[in-house]
Amino acid sequence: MEQEIPKCQKTISVLWPAFLMAGLATVLFFTAFDPVTLLQETRFADTSRLGAYTVGFFLFWLLTTSSCALTCFFRKPCNPNPR
Amino acid sequence: MSTEKNTDKSTSLYAKREKIYPREVHGIFAFWRSMGVFMLLGIYYLTPWLQWEGHQAVLLDLPNRKFHIFSLTFWPQDFFYFALLLILAALALFFFTAVAGRLWCGYACPQTVWTEIFLWFERKIEGDRPKQMKLDKAPWTAHKLMVKGSKHTVWILFAAFTGFTFVGYFTPIMDLAGRIADLSLGGWEWFWIIFYSVATWGNAGFLREQVCIYMCPYARFQSAMFDKDTLIISYDKDRGEPRGSRKKGVNPREKGLGDCIDDQMCVQVCPTGIDIRDGLQYQCIACSACIDVCNTVMDQMGYPRNLIRYSTQNADEGKPSHILRPRVIIYALILLGFAATLVYAIGTRVPLGLDVLRDRNRLYNETQEGLIENVYTLKIINMDEKTHNYILSVSGIEDIKVIMNRPRIQVASGEVADVSLRVQADPYELKSRSTNINFKLQAADNADIQVESQSRFLAPAGIK
């Protein structure tokens, strides 16, 4: 059954839901927290808001992508006796 | 039965898929579709340039954390309205899907709209379907390189303008245009212009129908909102079958044929490469190109139109269709309810926020005069477009005294002010250890700008 799913669909099924959820997470996170206040006392204090939003979005995307990829990985059938 | 597909097998960057070359189509639905493309793209590209009361009319000013929408300004505290708006959009999609099927997909979805304009550029430069297929099969010559090169140049320029406009929604576009001209954009602005341009180029130029088929969640769950009365595009099997080619003027009934001349036109115009004659499929974005092209063919053959047409499952089965039905009425009521809530909430929105925080370190003090004192911090957010002075009044206890750390409360537009407050009460006026008190804040120049907030006033045990 696995073979029937095109590679395109497989790749997209990991990256795309991750992208959507990363977008949502970015909006929610930065609505609640102002990056300027968050980074005030750190060495990233010079980062502009736009920069913080961008980096935040890609970090979220990395996180959600890992989660989606792990789901795919664990969905592989376990076969204790490979022939 | 010949099954010439609308496709040509090729290996693309993403996966082995058959490239689709949709044939150009003319007709009433194609006309409305181009009108839709024209209007929606017009709105998209022009909106950021609109000015309103001295600022950009629609500016989602992310760097300054405020959204300007005409005379309204929204702050992160107004997230509630944004959530309401999203719910409203989802409900509207449910409603329109139940009534008119995938109207959104065929006419209004950005993916469809940008794919249409990219297809238009492609046709202007490479020619229609047969020419495109021939060109793709041909070996790489100077001519092919030039044609392909100019297509991509036009695509990329258009995509770049799209990306620039996109960023123009988030940083002032006039300023952005000026800084693009002298190449002094910030790194993040460059990044997002390029990111969005590449996404446009990839989605509208290459991915196209794959976005609808593999990426769109709506395409997958829209069937849940369908019923037998939903508008769909369908092929009249009873009239069309058995399909087969015939000469013009021959009576198909004598040859034992239906009205479908099996010329594959409906397949060739389909942007997702399906055959509508196989029945309703989830790949169908209801763009109605097959209706237009089939009607043209029917006109040429001298047959009645609408072999492929907008229909409902009930109509196909010869039963009456209903527009008003419980599903539609319920969706409509919920939609209206949320729309009214949003309008009411924005209409009665007070551009002032007040949070009262009790001092956590001490429950209460006793002053030298024998009064009980509680300390509070007020967080005052001025969400209006101008500076205001505010008048504070505290009530809930007789003869309550308020001592502020500043002579007056003046807060500039968009600022948050912390006001430290000592509230004193005579123990004889206190009925219990905890009394509810009410803070009321009102703009000095506008009585409509007023908010209230509750807190507790604590006193030692054994009062009275």
# chains A, B, ... in the order shown; residues from 1 in each chain; ligands from 1

call {"tool": "interface_residues", "arguments": {"of": "chain A", "to": "chain B", "cutoff": "8 Å", "atoms": "only C-alpha atoms", "output": "VMD selection string"}}
result
chain A and resid 6 to 9 12 to 13 16 31 to 32 48 to 51 54

call {"tool": "select_by_dssp", "arguments": {"residues": "region 16-52 of chain A", "states": "helix (DSSP H, G or I)", "output": "NGL selection string"}}
result
:A and (16-32 or 35-39 or 49-52)

call {"tool": "closest_residue", "arguments": {"among": "A:Val27, A:Pro35, A:Phe44, A:Ala18", "to": "Thr71 (chain A)", "atoms": "only C-alpha atoms"}}
result
A:Ala18

call {"tool": "atom_distance", "arguments": {"atom1": "CA of Leu307 (chain B)", "atom2": "CA of Pro252 (chain B)"}}
result
14.5 Å

call {"tool": "residues_around", "arguments": {"residues": "Met174 (chain B)", "least_positions_apart": "5", "cutoff": "9 Å", "atoms": "only C-alpha atoms", "output": "list of chain:residue names"}}
result
B:Pro48, B:Trp49, B:Gln56, B:Gly168, B:Arg179

call {"tool": "residues_around", "arguments": {"residues": "Thr47 (chain B)", "least_positions_apart": "6", "cutoff": "12 Å", "atoms": "only C-alpha atoms", "output": "PyMOL selection string"}}
result
chain B and resi 39-41+56-60+69-70+165-166+168-169+172-173

call {"tool": "closest_residue", "arguments": {"among": "B:Ala219, B:Ile329, B:Val269, B:Ile233", "to": "Asp316 (chain B)", "atoms": "only C-alpha atoms"}}
result
B:Ile233

call {"tool": "atom_distance", "arguments": {"atom1": "CA of Thr162 (chain B)", "atom2": "CA of Ser197 (chain B)"}}
result
6.4 Å

call {"tool": "closest_residue", "arguments": {"among": "B:Gln424, B:Gln368, B:Thr200, B:Gln283", "to": "Arg220 (chain B)", "atoms": "only C-alpha atoms"}}
result
B:Gln283

call {"tool": "residues_around", "arguments": {"residues": "Phe121 (chain B)", "least_positions_apart": "5", "cutoff": "12 Å", "atoms": "only C-alpha atoms", "output": "list of chain:residue names"}}
result
B:Glu24, B:Trp114, B:Thr115, B:Glu116, B:Glu126, B:Gly127, B:Asp128, B:Val147, B:Lys148, B:Ser150, B:Lys151, B:His152, B:Thr153, B:Val154, B:Trp155, B:Ile156, B:Leu157, B:Phe158, B:Ala159, B:Ala204, B:Gly205

call {"tool": "write_last_selection", "arguments": {"atoms": "C-alpha atoms", "output": "compact mmCIF listing (two decimals), in the first residue's frame"}}
result
# COMPACT_ATOMS: atom_id res chain seq x y z
CA GLU B 24 -7.95 27.37 -23.72
CA TRP B 114 -2.87 32.71 -9.78
CA THR B 115 -2.76 29.50 -11.81
CA GLU B 116 -5.21 31.10 -14.28
CA GLU B 126 4.04 29.36 -25.89
CA GLY B 127 0.70 29.12 -27.66
CA ASP B 128 -2.25 26.87 -26.80
CA VAL B 147 10.43 30.88 -25.62
CA LYS B 148 10.89 29.08 -22.31
CA SER B 150 10.81 34.60 -21.84
CA LYS B 151 7.96 32.66 -20.20
CA HIS B 152 9.93 32.27 -17.01
CA THR B 153 11.12 35.87 -17.10
CA VAL B 154 7.51 37.08 -17.28
CA TRP B 155 6.44 34.57 -14.60
CA ILE B 156 9.26 35.58 -12.27
CA LEU B 157 8.64 39.30 -12.75
CA PHE B 158 4.96 38.81 -11.99
CA ALA B 159 5.76 36.60 -9.00
CA ALA B 204 1.09 28.71 -9.95
CA GLY B 205 3.74 27.71 -12.46
